[in-house]
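Q: You'll find query_0.tsv just under this line, and it carries TSV, C-alpha atoms.
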chain	number	residue	atom	x	y	z
A	287	MET	CA	86.99	74.18	124.60
A	288	LYS	CA	85.53	71.58	122.25
A	289	ASP	CA	88.03	69.69	120.11
A	290	THR	CA	86.01	70.51	117.00
A	291	THR	CA	86.38	74.22	117.70
A	292	LYS	CA	90.16	73.93	118.03
A	293	LYS	CA	90.36	71.95	114.81
A	294	LYS	CA	88.37	74.54	112.93
A	295	ILE	CA	90.65	77.35	114.13
A	296	ILE	CA	93.81	75.52	113.07
A	297	GLU	CA	92.43	74.50	109.68
A	298	GLU	CA	91.54	78.10	108.76
A	299	THR	CA	95.20	78.77	107.96
A	300	ASN	CA	98.54	76.99	108.06
A	301	ASP	CA	100.53	79.92	109.41
A	302	ILE	CA	102.18	79.93	112.80
A	303	GLY	CA	99.83	82.56	114.17
A	304	THR	CA	96.93	80.14	114.19
A	305	ALA	CA	98.98	77.24	115.49
A	306	SER	CA	100.18	79.40	118.36
A	307	PHE	CA	96.64	80.64	118.93
A	308	ASP	CA	95.59	77.07	119.58
A	309	GLY	CA	98.22	76.97	122.30
A	310	ILE	CA	97.05	80.25	123.79
A	311	LEU	CA	93.51	78.96	124.05
A	312	SER	CA	94.93	76.16	126.17
A	313	ILE	CA	96.71	78.67	128.42
A	314	ILE	CA	93.84	80.95	129.28
A	315	PRO	CA	91.54	78.74	131.38
A	316	VAL	CA	94.27	77.39	133.67
A	317	ILE	CA	97.35	79.53	132.85
A	318	GLY	CA	99.54	76.53	132.21
A	319	SER	CA	102.72	76.24	130.15
A	320	PRO	CA	102.35	77.57	126.57
A	321	VAL	CA	101.93	74.95	123.93
A	322	GLN	CA	104.76	75.04	121.39
A	323	THR	CA	103.87	72.07	119.22
A	324	ALA	CA	105.42	71.92	115.75
A	325	LEU	CA	107.23	75.28	115.99
A	326	SER	CA	110.53	73.72	114.94
A	327	SER	CA	109.09	72.71	111.60
A	328	TYR	CA	108.22	76.33	110.80
A	329	PHE	CA	111.15	78.36	112.00
A	330	ASN	CA	114.89	78.38	112.30
A	331	ASN	CA	116.49	78.56	115.73
A	332	ARG	CA	116.44	82.33	115.96
A	333	ARG	CA	112.78	82.56	115.14
A	334	LEU	CA	112.07	79.74	117.54
A	335	ARG	CA	113.84	81.62	120.33
A	336	ASN	CA	111.70	84.68	119.57
A	337	ILE	CA	108.55	82.60	119.96
A	338	GLU	CA	109.81	80.95	123.15
A	339	LYS	CA	110.74	84.28	124.74
A	340	PHE	CA	107.45	85.79	123.72
A	341	ASN	CA	105.42	82.87	125.07
A	342	ALA	CA	107.23	83.21	128.40
A	343	LYS	CA	106.40	86.92	128.56
A	344	LEU	CA	102.82	86.30	127.50
A	345	GLU	CA	102.36	83.60	130.13
A	346	ALA	CA	103.63	85.97	132.82
A	347	ASP	CA	101.31	88.73	131.63
A	348	LEU	CA	98.31	86.40	131.53
A	349	LEU	CA	99.09	85.21	135.04
A	350	ALA	CA	99.10	88.80	136.25
A	351	VAL	CA	95.61	89.47	134.87
A	352	LYS	CA	94.12	85.99	135.19
A	353	SER	CA	90.94	87.28	136.85
A	354	GLN	CA	90.33	89.76	134.01
A	355	ILE	CA	90.43	87.29	131.12
A	356	PRO	CA	86.90	86.93	129.69
A	357	ASP	CA	85.12	83.72	128.85
A	358	ILE	CA	86.81	81.68	126.12
A	359	LYS	CA	83.95	82.36	123.70
A	360	TYR	CA	85.13	85.97	123.40
A	361	ILE	CA	88.75	84.95	122.79
A	362	GLU	CA	87.57	82.82	119.86
A	363	ARG	CA	86.11	85.80	118.00
A	364	ASP	CA	87.49	86.45	114.51
A	365	GLU	CA	88.73	89.92	115.51
A	366	VAL	CA	90.79	88.45	118.35
A	367	ILE	CA	92.14	85.66	116.16
A	368	ASP	CA	93.22	88.22	113.56
A	369	ILE	CA	95.20	90.15	116.19
A	370	VAL	CA	96.82	86.96	117.49
A	371	GLU	CA	97.88	85.94	113.98
A	372	THR	CA	99.22	89.42	113.25
A	373	VAL	CA	101.33	89.43	116.41
A	374	TYR	CA	102.74	85.94	115.94
A	375	ASP	CA	103.50	86.51	112.27
A	376	GLU	CA	105.53	89.58	113.23
A	377	ILE	CA	107.36	87.89	116.11
A	378	ALA	CA	108.34	85.03	113.83
A	379	THR	CA	110.10	87.38	111.42
A	380	SER	CA	110.95	90.48	113.41
A	381	LYS	CA	114.49	91.25	114.48
A	382	ALA	CA	113.24	93.85	116.96
A	383	ARG	CA	113.45	91.60	120.00
A	384	GLU	CA	113.13	94.57	122.32
A	385	LYS	CA	109.49	94.82	121.21
A	386	LEU	CA	108.50	91.43	122.63
A	387	SER	CA	107.26	92.94	125.90
A	388	TYR	CA	105.18	95.43	123.94
A	389	TYR	CA	103.63	92.68	121.82
A	390	SER	CA	102.84	90.66	124.94
A	391	LYS	CA	101.08	93.60	126.60
A	392	ALA	CA	99.22	94.35	123.37
A	393	LEU	CA	97.96	90.78	123.07
A	394	THR	CA	97.08	90.58	126.76
A	395	ASN	CA	95.07	93.79	126.54
A	396	SER	CA	93.34	92.53	123.39
A	397	PHE	CA	92.23	89.46	125.36
A	398	ILE	CA	91.01	91.62	128.24
A	399	ASN	CA	89.09	93.83	125.80
A	400	SER	CA	87.68	90.93	123.79
A	401	GLU	CA	84.17	91.44	125.17
A	402	LYS	CA	83.94	94.82	123.43
A	403	SER	CA	81.62	95.02	120.44
A	404	SER	CA	84.52	96.12	118.24
A	405	LEU	CA	88.29	95.76	118.53
A	406	GLN	CA	89.05	98.30	115.83
A	407	GLN	CA	91.31	100.37	118.08
A	408	GLU	CA	93.16	97.30	119.33
A	409	ARG	CA	93.80	96.28	115.72
A	410	PHE	CA	95.01	99.78	114.85
A	411	PHE	CA	97.34	99.91	117.84
A	412	THR	CA	98.76	96.47	117.03
A	413	GLU	CA	99.50	97.45	113.44
A	414	ALA	CA	101.00	100.75	114.61
A	415	LEU	CA	103.27	98.89	117.03
A	416	ILE	CA	104.58	96.77	114.17
A	417	ALA	CA	105.25	99.79	111.96
A	418	ILE	CA	106.77	102.22	114.46
A	419	PRO	CA	110.57	101.89	114.93
A	420	THR	CA	111.57	101.13	118.49
A	421	PRO	CA	113.49	104.43	118.99
A	422	TYR	CA	110.32	106.32	118.04
A	423	ILE	CA	108.38	104.45	120.72
A	424	SER	CA	111.01	105.52	123.25
A	425	ILE	CA	110.70	109.13	122.14
A	426	LEU	CA	106.91	108.93	122.40
A	427	SER	CA	107.29	107.45	125.89
A	428	SER	CA	109.42	110.46	126.90
A	429	LEU	CA	106.46	112.73	126.05
A	430	LEU	CA	104.10	110.96	128.44
A	431	PRO	CA	102.86	112.82	131.51
A	432	PHE	CA	105.14	112.06	134.45
A	433	ASP	CA	102.58	109.87	136.25
A	434	GLU	CA	102.25	107.69	133.14
A	435	ARG	CA	105.97	106.95	132.79
A	436	ASN	CA	106.47	104.60	135.72
A	437	ALA	CA	103.48	102.30	135.87
A	438	THR	CA	103.61	99.75	138.68
A	439	ASN	CA	102.92	96.87	136.29
A	440	GLU	CA	105.29	97.99	133.58
A	441	GLN	CA	107.86	95.29	133.03
A	442	ASP	CA	110.03	96.83	130.35
A	443	THR	CA	112.35	99.82	130.33
A	444	ASP	CA	112.51	102.01	127.27
A	445	ASN	CA	114.00	105.29	128.41
A	446	LYS	CA	117.12	104.86	126.32
A	447	PHE	CA	117.10	106.33	122.86
A	448	SER	CA	119.34	108.28	120.56
A	449	ASN	CA	118.96	112.05	120.75
A	450	SER	CA	120.04	112.46	117.15
A	451	ILE	CA	118.26	115.46	115.62
A	452	ASP	CA	117.55	113.44	112.48
A	453	ILE	CA	115.93	110.63	114.50
A	454	ILE	CA	113.82	113.08	116.51
A	455	ARG	CA	112.70	114.93	113.41
A	456	GLY	CA	111.85	111.66	111.71
A	457	SER	CA	109.90	110.48	114.74
A	458	ASN	CA	107.91	113.72	114.89
A	459	SER	CA	106.70	113.36	111.33
A	460	PHE	CA	106.02	109.63	111.71
A	461	LEU	CA	104.16	109.81	115.01
A	462	GLU	CA	102.16	112.85	113.94
A	463	GLY	CA	100.95	110.82	110.96
A	464	TYR	CA	99.50	108.24	113.34
A	465	GLY	CA	97.84	110.95	115.43
A	466	PHE	CA	99.98	110.11	118.47
A	467	ILE	CA	101.54	113.57	118.76
A	468	GLU	CA	100.50	117.04	117.64
A	469	GLN	CA	102.32	120.26	116.90
A	470	LYS	CA	101.43	123.22	119.09
A	471	TYR	CA	102.31	126.89	118.83
A	472	ASP	CA	104.82	127.87	121.49
A	473	LYS	CA	103.64	131.37	122.36
A	474	ALA	CA	106.03	131.89	125.28
A	475	ARG	CA	109.13	130.90	123.33
A	476	THR	CA	108.11	132.96	120.31
A	477	LYS	CA	107.60	136.04	122.48
A	478	ALA	CA	110.94	135.45	124.19
A	479	ASN	CA	112.71	135.29	120.83
A	480	MET	CA	110.97	138.48	119.72
A	481	HIS	CA	112.07	140.14	122.95
A	482	LEU	CA	115.67	139.09	122.41
A	483	GLN	CA	115.65	140.35	118.86
A	484	ALA	CA	114.29	143.72	119.92
A	485	TYR	CA	117.32	144.28	122.13
A	486	SER	CA	119.93	142.88	119.80
A	487	ILE	CA	121.66	144.05	116.69
A	488	LEU	CA	119.24	141.90	114.74
A	489	GLY	CA	116.49	144.23	115.81
A	490	SER	CA	117.69	146.88	113.42
A	491	ALA	CA	115.72	147.91	110.36
A	492	GLY	CA	115.53	145.22	107.73
A	493	ALA	CA	116.10	142.33	110.14
A	494	PRO	CA	114.08	139.18	109.33
A	495	LEU	CA	110.97	138.56	111.36
A	496	VAL	CA	111.18	136.03	114.17
A	497	GLU	CA	109.81	132.68	113.05
A	498	PRO	CA	107.04	131.26	115.27
A	499	SER	CA	108.19	128.45	117.57
A	500	TYR	CA	106.38	125.16	117.87
A	501	TYR	CA	106.64	122.07	120.04
A	502	PHE	CA	105.21	118.56	119.92
A	503	ARG	CA	103.04	117.06	122.62
A	504	ILE	CA	101.51	113.63	122.98
A	505	THR	CA	97.80	113.33	122.18
A	506	SER	CA	95.18	111.38	124.10
A	507	LEU	CA	95.36	108.75	121.35
A	508	GLY	CA	99.13	108.55	121.86
A	509	ILE	CA	98.64	108.05	125.60
A	510	ASP	CA	96.10	105.30	124.95
A	511	PHE	CA	98.55	103.61	122.58
A	512	MET	CA	101.35	103.68	125.14
A	513	ARG	CA	99.03	102.27	127.80
A	514	PHE	CA	98.04	99.50	125.38
A	515	ILE	CA	101.64	98.34	124.87
A	516	LYS	CA	103.01	99.01	128.38
A	517	LYS	CA	100.26	98.58	130.98
A	518	TYR	CA	97.56	96.11	131.83
A	519	LYS	CA	94.11	97.48	131.17
A	520	ASN	CA	91.77	97.46	134.13
A	521	LYS	CA	88.62	95.69	133.07
A	522	ASP	CA	85.62	98.02	133.11
Take the structure from the file and write it as structure tokens.
A:
Amino acid sequence: MKDTTKKKIIEETNDIGTASFDGILSIIPVIGSPVQTALSSYFNNRRLRNIEKFNAKLEADLLAVKSQIPDIKYIERDEVIDIVETVYDEIATSKAREKLSYYSKALTNSFINSEKSSLQQERFFTEALIAIPTPYISILSSLLPFDERNATNEQDTDNKFSNSIDIIRGSNSFLEGYGFIEQKYDKARTKANMHLQAYSILGSAGAPLVEPSYYFRITSLGIDFMRFIKKYKNKD
């Protein structure tokens, strides 16, 4: 990459996202050690450790998909830079260290997809990842089809989450708002409840009607989101 190009990228903003982006551009062609210049001047030790851990994960992910990384001219696109800055800004302040693997996969997949005409979905998924609490991601993961739960290149484990009714109810409302899950009418369970009522004391005259039963299932958008933060995309 030309030195003038690097200088232009860094001068666009003084935040750590851009400074780290300059280091990432140095990684991609040869997959060397991540550049961490000047990080100490921006962050305290805890934030610095977050960046260091993330850079290590990102380097490993980039190594795994080295052959799929497009030409550097695509990585320099404004849409890609925006995603990089968003991720690094969050890592620098986030206390959710368990999300680092997710952020690394998200950034790696954004690089792989950088040849696309638009990265609107990648941007949406990145912002959703920042907003969604980690337990909700675990709950969403539990709704994946069985063959999607144990990807061969998945490096993180997220099958531990609280089964608190309040957390599950909160996650349902939150994830439905993003379009990652949808509520479906449970015909079989509703009929079973009606059958039970008919043969119980509740089936007497004046008994309340059986309420319809519903369940939540993951949508195709939800599956795509989970793939984006947990699996390497195969380049088309």
Q: Starting from the point (104.2, 118.5, 126.7), work out which residues of protein, DNA or RNA have an atom no more than 12 Å away when counting all atoms listed in the file; state them as a ChimeraX atom specification.
A: /A:426-432,467-472,500-506,509
Q: Between atom CA of Leu393 of chain A and atom CA of Ile355 of chain A, what is the spacing in Å?
A: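 Straight-line distance from atom CA of Ile355 of chain A to atom CA of Leu393 of chain A works out to 11.6 Å.
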Q: Which value, in Å to one decimal, gives the distance between atom CA of Asn458 of chain A and atom CA of Ile425 of chain A?
A: 9.0 Å
Q: Using only C-alpha atoms, find all polymer residues with an atom at most 12 Å away from the point (85.8, 93.8, 122.8); report them as a list in words.
A: Ile355, Pro356, Asp357, Lys359, Tyr360, Ile361, Glu362, Arg363, Asp364, Glu365, Val366, Asn395, Ser396, Phe397, Ile398, Asn399, Ser400, Glu401, Lys402, Ser403, Ser404, Leu405, Gln406, Gln407, Glu408, Arg409, Lys521 and Asp522 of chain A
Q: Give me the residues within 7 Å of segment 377-382 of chain A as a list in words, counting only C-alpha atoms and dropping any in the same chain fewer than 3 places off.
A: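 Contacts, with the query itself left out: Arg333, Asn336, Ile337, Val373, Tyr374 and Lys385 of chain A.
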Q: When you draw a straight line from atom CA of Phe466 of chain A to atom CA of Glu384 of chain A, how long is it in Å?
A: 20.7 Å
Q: Which of these, A:Tyr518, A:Phe340, A:Tyr389, A:Phe511, has the shortest distance to Gly465 of chain A once you count all atoms listed in the file?
A: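 Using all atoms listed in the file, the shortest distance to Gly465 of chain A belongs to A:Phe511.
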Q: Taking all atoms listed in the file into account, name the residue in A:Ile369, A:Ile454, A:Ile416, A:Ala392 that is nearest to Met512 of chain A.
A: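 Smallest separation from Met512 of chain A among the options: A:Ala392.
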Q: Hey, which of A:Lys343, A:Lys352, A:Lys391, A:Arg332 ends up closest to Lys517 of chain A? Count only C-alpha atoms.
A: A:Lys391
Q: Closest to Lys519 of chain A among A:Ile367, A:Ile418, A:Arg335, A:Asp347, using only C-alpha atoms?
A: A:Asp347
